[in-house]
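Trainee: First the structure, which I've put down as structure tokens, then a few questions once you've had a look.
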Amino acid sequence: MKSNLLKKYDVPVPRYTSYPTVPYWQEERPSQEAWAEHVADAFELNQEVSLYIHLPYCERLCTYCGCNKRITTNHAVEGPYIERLLEEWQLYLDALPGKPILKELHLGGGTPSFFAAQNLEKLLSGIYEGATIPADHDYGFEAHPANTTAEHLRTLHRLGFNRLSLGVQDFDDEILRVINRFQTEEQVLGVTQAAREIGFTSINYDLIFGLPFQTPTHIERNMEKINRLRPERIAFYSYAHVPWLKPSQRAYSEVDLPVGEEKRKLYELGRQRLEEMGYTEIGMDHFALPGDKLLVSMKNGTLHRNFMGYTTSETGLCIAIGASSISDTWDAFAQNEKEVEAWAAEVQAGRFPLIKGHFLTEEDQILRRHILNIMCQFRTNWQAPDLQCEGLYAGLERLAEFEADGLLEIQPYHLHVTEAGRPFIRNICLALDAHYWEKQPQGRLFSQAV
């Protein structure tokens, strides 16, 4: 990567898990009636539903983490939290004009493996009672290598789970100590082998580049271990340093972090090694081996991106339950109360526990489609009249400079991101972000682009 381009484009940019991004949502608290109507309308278009369940509890605070979590060693919290989750799920079942087909299901956190296997079974059995489970379902969960047991794996596989995502981050003991995450290579290997023996068909490792004190030597060692273990997927994320939002990140100093060109070289090295091992880069920061569903979906054009990350299909309605989780009807977003107590109180009162949301305009939906296309396929087109709007053409004018820098090619009704432009995919999407350009943020909201 040319250093002058890195200096030019390495600016704070959203990650575009949604468009519009959360800071630009306009509904302080959507009404119960309006939200229920959007949910029902989305379901009428497609009875297949994606479900995300947020399980926020962790026994220890990992200082790098930007997720919504609750730190405790008191496992008595599991039962009441599950009861509230099932009550919230019932609110959605009551709003749907039919029985949902549970196409996708993901347990995220926090640390889902914080919960005992029998409690996860109680939760999922309750969820399944109100849904149809299709043969081609895709269910996965996030897990900590240090507390995921064979019982967890056997129980969840018996309940239809076929994917496992392990939060590895780095294999180096000293880096793990600095970020307050404690696990061993042996634990990662043990969970991986057990999952494969039990029947999981896709295992993902989360790795992070840009962690404190991380060097190319660490990346090389990480990739050597990846080559031995061969997980089907890799999520190779950029560490997002946002201590003004996540104070735990002040556990180390900015001078301890690789930044700019030094940080980007860590990613380029990791990508090179992964490609040498047979992995293919997918979208932004993801890789998969041949035959994995994520790679297949990218090749056949069905790859999708939502608040669960990259997924293999687009259901239209993504219901999210649990504190802080975000639901998506395509034309509307709604986020739950972030604090467990506030979320639980709303659910017990029989209300959707919403704290904010956004109803997308026609232009919002058009721009969202183009941003998704770029994030998933590195290209988009606007030949059809219903894919055109003023915001798109304003964005294309901003992208003229990107084209001059060789980062993309614009042809009549078509945009294609070049190989050189892939590291700047978030910047390219920013150019199409009409809300951002209408009202640019005055304070620090986003992490660096590269």
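Labels used: A, B, ... for chains in the order of the structure tokens, numbers from 1 for residues in each chain, and numbers from 1 for ligands as shown.
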Could you give me, as a ChimeraX atom specification, each residue of region 17-260 of chain A that DSSP assigns to alpha helix (DSSP H) when run on this structure's backbone?
Mentor: /A:32-45,78-95,117-129,150-158,173-178,185-198,216-229,260
Trainee: Please produce a file of the residues just selected, as an mmCIF file, in the first residue's frame, where the atoms kept are C-alpha atoms.
Mentor:
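And here is the file that came out, part-v4.cif:
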```
data_model
loop_
_atom_site.group_PDB
_atom_site.id
_atom_site.type_symbol
_atom_site.label_atom_id
_atom_site.label_comp_id
_atom_site.auth_asym_id
_atom_site.auth_seq_id
_atom_site.Cartn_x
_atom_site.Cartn_y
_atom_site.Cartn_z
ATOM 1 C CA GLN A 32 -44.609 0.368 20.206
ATOM 2 C CA GLU A 33 -47.278 0.442 17.507
ATOM 3 C CA ALA A 34 -45.004 1.744 14.742
ATOM 4 C CA TRP A 35 -42.266 -0.778 15.502
ATOM 5 C CA ALA A 36 -44.710 -3.699 15.630
ATOM 6 C CA GLU A 37 -46.122 -2.598 12.269
ATOM 7 C CA HIS A 38 -42.672 -2.540 10.636
ATOM 8 C CA VAL A 39 -41.909 -5.996 12.049
ATOM 9 C CA ALA A 40 -45.183 -7.432 10.745
ATOM 10 C CA ASP A 41 -44.770 -5.848 7.314
ATOM 11 C CA ALA A 42 -41.256 -7.271 6.931
ATOM 12 C CA PHE A 43 -42.503 -10.708 7.933
ATOM 13 C CA GLU A 44 -45.294 -10.567 5.344
ATOM 14 C CA LEU A 45 -42.636 -10.221 2.615
ATOM 15 C CA GLU A 78 -28.357 -16.634 34.075
ATOM 16 C CA GLY A 79 -31.874 -17.790 34.963
ATOM 17 C CA PRO A 80 -33.597 -14.374 35.236
ATOM 18 C CA TYR A 81 -31.900 -13.130 32.078
ATOM 19 C CA ILE A 82 -33.109 -16.159 30.111
ATOM 20 C CA GLU A 83 -36.643 -15.673 31.416
ATOM 21 C CA ARG A 84 -36.647 -12.085 30.149
ATOM 22 C CA LEU A 85 -35.243 -13.189 26.763
ATOM 23 C CA LEU A 86 -38.100 -15.644 26.306
ATOM 24 C CA GLU A 87 -40.602 -12.962 27.309
ATOM 25 C CA GLU A 88 -39.115 -10.577 24.732
ATOM 26 C CA TRP A 89 -39.230 -13.296 22.065
ATOM 27 C CA GLN A 90 -42.925 -13.772 22.873
ATOM 28 C CA LEU A 91 -43.515 -10.049 22.259
ATOM 29 C CA TYR A 92 -42.217 -10.570 18.729
ATOM 30 C CA LEU A 93 -44.191 -13.769 18.210
ATOM 31 C CA ASP A 94 -47.330 -11.875 19.208
ATOM 32 C CA ALA A 95 -46.526 -9.167 16.639
ATOM 33 C CA ALA A 117 -25.143 -25.669 28.839
ATOM 34 C CA GLN A 118 -28.434 -26.602 30.508
ATOM 35 C CA ASN A 119 -29.464 -22.943 30.654
ATOM 36 C CA LEU A 120 -28.673 -22.457 26.966
ATOM 37 C CA GLU A 121 -30.821 -25.505 26.254
ATOM 38 C CA LYS A 122 -33.672 -24.001 28.273
ATOM 39 C CA LEU A 123 -33.351 -20.763 26.305
ATOM 40 C CA LEU A 124 -33.226 -22.388 22.889
ATOM 41 C CA SER A 125 -35.999 -24.879 23.604
ATOM 42 C CA GLY A 126 -38.213 -21.937 24.474
ATOM 43 C CA ILE A 127 -37.219 -20.108 21.291
ATOM 44 C CA TYR A 128 -37.875 -23.160 19.127
ATOM 45 C CA GLU A 129 -41.397 -23.679 20.496
ATOM 46 C CA ALA A 150 -17.623 -30.401 25.688
ATOM 47 C CA GLU A 151 -21.089 -30.179 27.239
ATOM 48 C CA HIS A 152 -21.592 -26.752 25.643
ATOM 49 C CA LEU A 153 -20.585 -28.146 22.263
ATOM 50 C CA ARG A 154 -22.657 -31.339 22.483
ATOM 51 C CA THR A 155 -25.752 -29.490 23.699
ATOM 52 C CA LEU A 156 -25.648 -26.763 21.060
ATOM 53 C CA HIS A 157 -24.861 -29.196 18.241
ATOM 54 C CA ARG A 158 -27.811 -31.350 19.302
ATOM 55 C CA ASP A 173 0.764 -14.792 26.166
ATOM 56 C CA GLU A 174 2.177 -11.311 26.806
ATOM 57 C CA ILE A 175 -0.308 -9.572 24.483
ATOM 58 C CA LEU A 176 -3.148 -11.532 26.076
ATOM 59 C CA ARG A 177 -1.942 -10.436 29.501
ATOM 60 C CA VAL A 178 -1.904 -6.779 28.438
ATOM 61 C CA GLU A 185 -3.120 -22.325 22.805
ATOM 62 C CA GLU A 186 -3.966 -25.763 24.216
ATOM 63 C CA GLN A 187 -7.469 -24.580 25.086
ATOM 64 C CA VAL A 188 -8.005 -23.214 21.573
ATOM 65 C CA LEU A 189 -6.794 -26.513 20.107
ATOM 66 C CA GLY A 190 -8.909 -28.556 22.521
ATOM 67 C CA VAL A 191 -12.162 -26.712 21.756
ATOM 68 C CA THR A 192 -11.446 -26.838 18.012
ATOM 69 C CA GLN A 193 -10.812 -30.578 18.009
ATOM 70 C CA ALA A 194 -13.797 -31.313 20.241
ATOM 71 C CA ALA A 195 -16.116 -29.238 18.045
ATOM 72 C CA ARG A 196 -15.003 -31.085 14.915
ATOM 73 C CA GLU A 197 -15.413 -34.476 16.544
ATOM 74 C CA ILE A 198 -18.918 -33.529 17.690
ATOM 75 C CA PRO A 216 4.976 -8.572 12.469
ATOM 76 C CA THR A 217 6.615 -11.378 14.436
ATOM 77 C CA HIS A 218 3.373 -11.890 16.367
ATOM 78 C CA ILE A 219 1.384 -12.004 13.137
ATOM 79 C CA GLU A 220 3.763 -14.570 11.651
ATOM 80 C CA ARG A 221 3.439 -16.767 14.737
ATOM 81 C CA ASN A 222 -0.341 -16.429 14.739
ATOM 82 C CA MET A 223 -0.502 -17.486 11.108
ATOM 83 C CA GLU A 224 1.747 -20.485 11.718
ATOM 84 C CA LYS A 225 -0.723 -21.697 14.335
ATOM 85 C CA ILE A 226 -3.662 -20.982 12.021
ATOM 86 C CA ASN A 227 -2.015 -23.140 9.361
ATOM 87 C CA ARG A 228 -1.830 -26.037 11.822
ATOM 88 C CA LEU A 229 -5.400 -25.701 13.105
ATOM 89 C CA GLY A 260 -0.901 4.128 10.494
#
```
Trainee: Leaving out Cys376 (chain A) and any residue of its chain fewer than 3 positions from it, which residues lie within 10 Å of it when counting only C-alpha atoms, given as JSON, numbers by chain?
Mentor: {"A": [282, 283, 284, 297, 298, 301, 302, 303, 304, 305, 310, 311, 370, 371, 372, 373, 379, 380]}
Trainee: Please provide as a PDB file with N, CA and C atoms, in the first residue's frame all residues within 7 Å of Leu415 (chain A), with the sequence filter that same-chain residues fewer than 2 positions apart are discarded (counting only C-alpha atoms).
Mentor:
```
ATOM      1  N   ARG A 379     -18.610  -3.905  -5.418  1.00  0.00           N
ATOM      2  CA  ARG A 379     -19.158  -3.283  -6.627  1.00  0.00           C
ATOM      3  C   ARG A 379     -20.615  -2.948  -6.390  1.00  0.00           C
ATOM      4  N   THR A 380     -21.145  -2.042  -7.213  1.00  0.00           N
ATOM      5  CA  THR A 380     -22.576  -1.785  -7.213  1.00  0.00           C
ATOM      6  C   THR A 380     -22.963  -1.184  -8.550  1.00  0.00           C
ATOM      7  N   ASN A 381     -24.257  -1.170  -8.839  1.00  0.00           N
ATOM      8  CA  ASN A 381     -24.731  -0.557 -10.087  1.00  0.00           C
ATOM      9  C   ASN A 381     -26.061   0.131  -9.824  1.00  0.00           C
ATOM     10  N   GLU A 409     -13.129   2.161 -10.019  1.00  0.00           N
ATOM     11  CA  GLU A 409     -13.425   2.515 -11.407  1.00  0.00           C
ATOM     12  C   GLU A 409     -14.916   2.796 -11.516  1.00  0.00           C
ATOM     13  N   ILE A 410     -15.260   3.939 -12.104  1.00  0.00           N
ATOM     14  CA  ILE A 410     -16.658   4.308 -12.304  1.00  0.00           C
ATOM     15  C   ILE A 410     -16.945   4.316 -13.795  1.00  0.00           C
ATOM     16  N   GLN A 411     -17.912   3.518 -14.189  1.00  0.00           N
ATOM     17  CA  GLN A 411     -18.369   3.453 -15.574  1.00  0.00           C
ATOM     18  C   GLN A 411     -19.847   3.810 -15.586  1.00  0.00           C
ATOM     19  N   VAL A 417     -14.692  -1.523  -7.058  1.00  0.00           N
ATOM     20  CA  VAL A 417     -13.542  -1.237  -6.207  1.00  0.00           C
ATOM     21  C   VAL A 417     -12.364  -2.062  -6.689  1.00  0.00           C
TER      22      VAL A 417
END
```
Trainee: Could you list, as number ranges by chain, every residue within 10 Å of Val259 (chain A), counting only C-alpha atoms and ignoring same-chain residues fewer than 5 positions away?
Mentor: A: 10, 210-212, 254, 264-266, 448, 450
Trainee: For the selection just defined, write its residues with C-alpha atoms to a file, as a CSV table (one decimal), in the first residue's frame.
Mentor:
```csv
chain,number,residue,atom,x,y,z
A,10,ASP,CA,-6.7,6.9,7.4
A,210,GLY,CA,-3.2,-3.5,15.9
A,211,LEU,CA,-3.2,-4.7,19.5
A,212,PRO,CA,-0.8,-3.1,22.0
A,254,GLU,CA,-1.6,5.1,22.7
A,264,ARG,CA,-1.6,-1.6,8.1
A,265,LYS,CA,1.5,-3.7,7.4
A,266,LEU,CA,0.3,-6.2,10.1
A,448,GLN,CA,-9.7,5.0,12.1
A,450,VAL,CA,-7.2,1.7,8.3
```
Trainee: Step one, run DSSP on the backbone; step two, keep only residues of region 80-305 of chain A assigned to strand (DSSP E); then write them as a ChimeraX atom specification.
Mentor: /A:101-109,138-143,163-169,202-209,233-238,280-282,286-288,304-305
Trainee: Give me a file of those residues, with N, CA and C atoms, as a CSV table (one decimal), in the first residue's frame.
Mentor:
```csv
chain,number,residue,atom,x,y,z
A,101,ILE,N,-40.0,-18.8,10.3
A,101,ILE,CA,-39.1,-19.8,9.9
A,101,ILE,C,-37.7,-19.3,10.3
A,102,LEU,N,-37.1,-20.0,11.3
A,102,LEU,CA,-35.9,-19.5,11.9
A,102,LEU,C,-34.7,-19.9,11.1
A,103,LYS,N,-34.4,-19.1,10.0
A,103,LYS,CA,-33.3,-19.4,9.1
A,103,LYS,C,-32.0,-19.3,9.7
A,104,GLU,N,-31.7,-18.1,10.4
A,104,GLU,CA,-30.4,-17.9,11.0
A,104,GLU,C,-30.6,-17.6,12.5
A,105,LEU,N,-29.6,-18.1,13.3
A,105,LEU,CA,-29.7,-17.8,14.7
A,105,LEU,C,-28.2,-17.7,15.2
A,106,HIS,N,-28.0,-16.6,16.0
A,106,HIS,CA,-26.6,-16.4,16.4
A,106,HIS,C,-26.7,-15.9,17.9
A,107,LEU,N,-25.8,-16.6,18.7
A,107,LEU,CA,-25.7,-16.2,20.1
A,107,LEU,C,-24.4,-15.4,20.2
A,108,GLY,N,-24.6,-14.1,20.6
A,108,GLY,CA,-23.4,-13.2,20.7
A,108,GLY,C,-23.3,-12.6,22.1
A,109,GLY,N,-22.2,-11.9,22.3
A,109,GLY,CA,-22.0,-11.3,23.7
A,109,GLY,C,-21.1,-10.1,23.7
A,138,ASP,N,-28.9,-22.0,9.6
A,138,ASP,CA,-27.5,-21.7,9.8
A,138,ASP,C,-27.4,-21.1,11.2
A,139,TYR,N,-26.9,-21.9,12.2
A,139,TYR,CA,-26.9,-21.4,13.6
A,139,TYR,C,-25.5,-21.4,14.1
A,140,GLY,N,-25.1,-20.4,14.8
A,140,GLY,CA,-23.7,-20.3,15.3
A,140,GLY,C,-23.7,-19.5,16.6
A,141,PHE,N,-22.6,-19.7,17.3
A,141,PHE,CA,-22.4,-19.0,18.6
A,141,PHE,C,-21.0,-18.6,18.9
A,142,GLU,N,-20.8,-17.5,19.6
A,142,GLU,CA,-19.5,-17.1,20.0
A,142,GLU,C,-19.1,-17.7,21.3
A,143,ALA,N,-17.8,-18.0,21.4
A,143,ALA,CA,-17.3,-18.7,22.6
A,143,ALA,C,-15.9,-18.3,23.0
A,163,ARG,N,-22.1,-23.9,13.6
A,163,ARG,CA,-20.9,-23.0,13.5
A,163,ARG,C,-20.5,-22.6,14.9
A,164,LEU,N,-19.2,-22.4,15.0
A,164,LEU,CA,-18.6,-22.0,16.3
A,164,LEU,C,-17.6,-20.9,16.0
A,165,SER,N,-17.7,-19.8,16.7
A,165,SER,CA,-16.7,-18.7,16.6
A,165,SER,C,-15.9,-18.5,17.9
A,166,LEU,N,-14.6,-18.7,17.8
A,166,LEU,CA,-13.8,-18.6,19.0
A,166,LEU,C,-13.0,-17.3,19.0
A,167,GLY,N,-13.1,-16.6,20.2
A,167,GLY,CA,-12.4,-15.4,20.3
A,167,GLY,C,-11.0,-15.6,20.7
A,168,VAL,N,-10.1,-15.7,19.7
A,168,VAL,CA,-8.7,-16.0,19.9
A,168,VAL,C,-7.9,-14.7,20.1
A,169,GLN,N,-8.1,-13.8,19.2
A,169,GLN,CA,-7.5,-12.4,19.3
A,169,GLN,C,-6.0,-12.4,19.0
A,202,SER,N,-18.3,-25.6,10.6
A,202,SER,CA,-17.6,-24.4,10.3
A,202,SER,C,-17.1,-23.7,11.6
A,203,ILE,N,-15.8,-23.6,11.7
A,203,ILE,CA,-15.2,-23.0,12.9
A,203,ILE,C,-14.5,-21.7,12.5
A,204,ASN,N,-14.8,-20.6,13.2
A,204,ASN,CA,-14.2,-19.3,12.9
A,204,ASN,C,-13.3,-18.9,14.1
A,205,TYR,N,-12.1,-18.3,13.8
A,205,TYR,CA,-11.3,-17.7,14.8
A,205,TYR,C,-11.4,-16.2,14.6
A,206,ASP,N,-11.7,-15.4,15.7
A,206,ASP,CA,-11.5,-14.0,15.6
A,206,ASP,C,-10.0,-13.7,16.0
A,207,LEU,N,-9.4,-12.9,15.1
A,207,LEU,CA,-8.0,-12.4,15.4
A,207,LEU,C,-8.1,-10.9,15.2
A,208,ILE,N,-7.2,-10.2,16.0
A,208,ILE,CA,-7.2,-8.7,15.9
A,208,ILE,C,-5.8,-8.3,15.6
A,209,PHE,N,-5.7,-7.3,14.6
A,209,PHE,CA,-4.4,-6.7,14.4
A,209,PHE,C,-4.4,-5.3,14.9
A,233,ARG,N,-13.0,-20.5,8.8
A,233,ARG,CA,-13.1,-19.0,8.7
A,233,ARG,C,-12.2,-18.3,9.6
A,234,ILE,N,-11.8,-17.1,9.1
A,234,ILE,CA,-11.0,-16.2,10.0
A,234,ILE,C,-11.7,-14.8,9.9
A,235,ALA,N,-11.9,-14.2,11.0
A,235,ALA,CA,-12.2,-12.8,11.1
A,235,ALA,C,-11.0,-12.0,11.6
A,236,PHE,N,-10.4,-11.3,10.7
A,236,PHE,CA,-9.1,-10.6,11.0
A,236,PHE,C,-9.4,-9.1,11.2
A,237,TYR,N,-9.8,-8.7,12.4
A,237,TYR,CA,-10.3,-7.4,12.6
A,237,TYR,C,-9.2,-6.4,13.0
A,238,SER,N,-9.5,-5.1,12.6
A,238,SER,CA,-8.7,-4.0,13.1
A,238,SER,C,-9.1,-3.6,14.5
A,280,THR,N,-9.5,-17.3,1.1
A,280,THR,CA,-10.0,-16.2,0.2
A,280,THR,C,-10.5,-15.0,1.0
A,281,GLU,N,-10.1,-13.8,0.7
A,281,GLU,CA,-10.6,-12.7,1.4
A,281,GLU,C,-12.1,-12.4,1.0
A,282,ILE,N,-12.9,-12.2,2.0
A,282,ILE,CA,-14.3,-12.0,1.8
A,282,ILE,C,-14.7,-10.6,2.4
A,286,HIS,N,-12.6,-10.5,6.5
A,286,HIS,CA,-13.0,-11.9,6.6
A,286,HIS,C,-12.3,-12.7,5.6
A,287,PHE,N,-12.1,-14.0,6.0
A,287,PHE,CA,-11.5,-15.0,5.1
A,287,PHE,C,-12.1,-16.3,5.3
A,288,ALA,N,-12.1,-17.1,4.2
A,288,ALA,CA,-12.7,-18.5,4.3
A,288,ALA,C,-12.0,-19.5,3.4
A,304,HIS,N,-24.4,-11.2,2.7
A,304,HIS,CA,-25.1,-10.1,3.3
A,304,HIS,C,-24.3,-9.7,4.5
A,305,ARG,N,-24.6,-8.4,4.9
A,305,ARG,CA,-23.9,-7.9,6.1
A,305,ARG,C,-25.0,-7.2,7.0
```
Trainee: Residues at most 10 Å from Gln383 (chain A), counting only C-alpha atoms, excluding those fewer than 2 positions away in the same chain, as a PyMOL selection string?
Mentor: chain A and resi 380-381+385-388+412-414
Trainee: I'd like the interatomic distance between CA of Tyr267 (chain A) and CA of Leu407 (chain A), to a tenth of an Å.
Mentor: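 Straight-line distance from CA of Tyr267 (chain A) to CA of Leu407 (chain A) works out to 18.0 Å.
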Trainee: For a test of reading the model, state the distance in Å between CA of Ala131 (chain A) and CA of Gly160 (chain A), rounded to one decimal.
Mentor: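 CA of Gly160 (chain A) lies 13.3 Å from CA of Ala131 (chain A).
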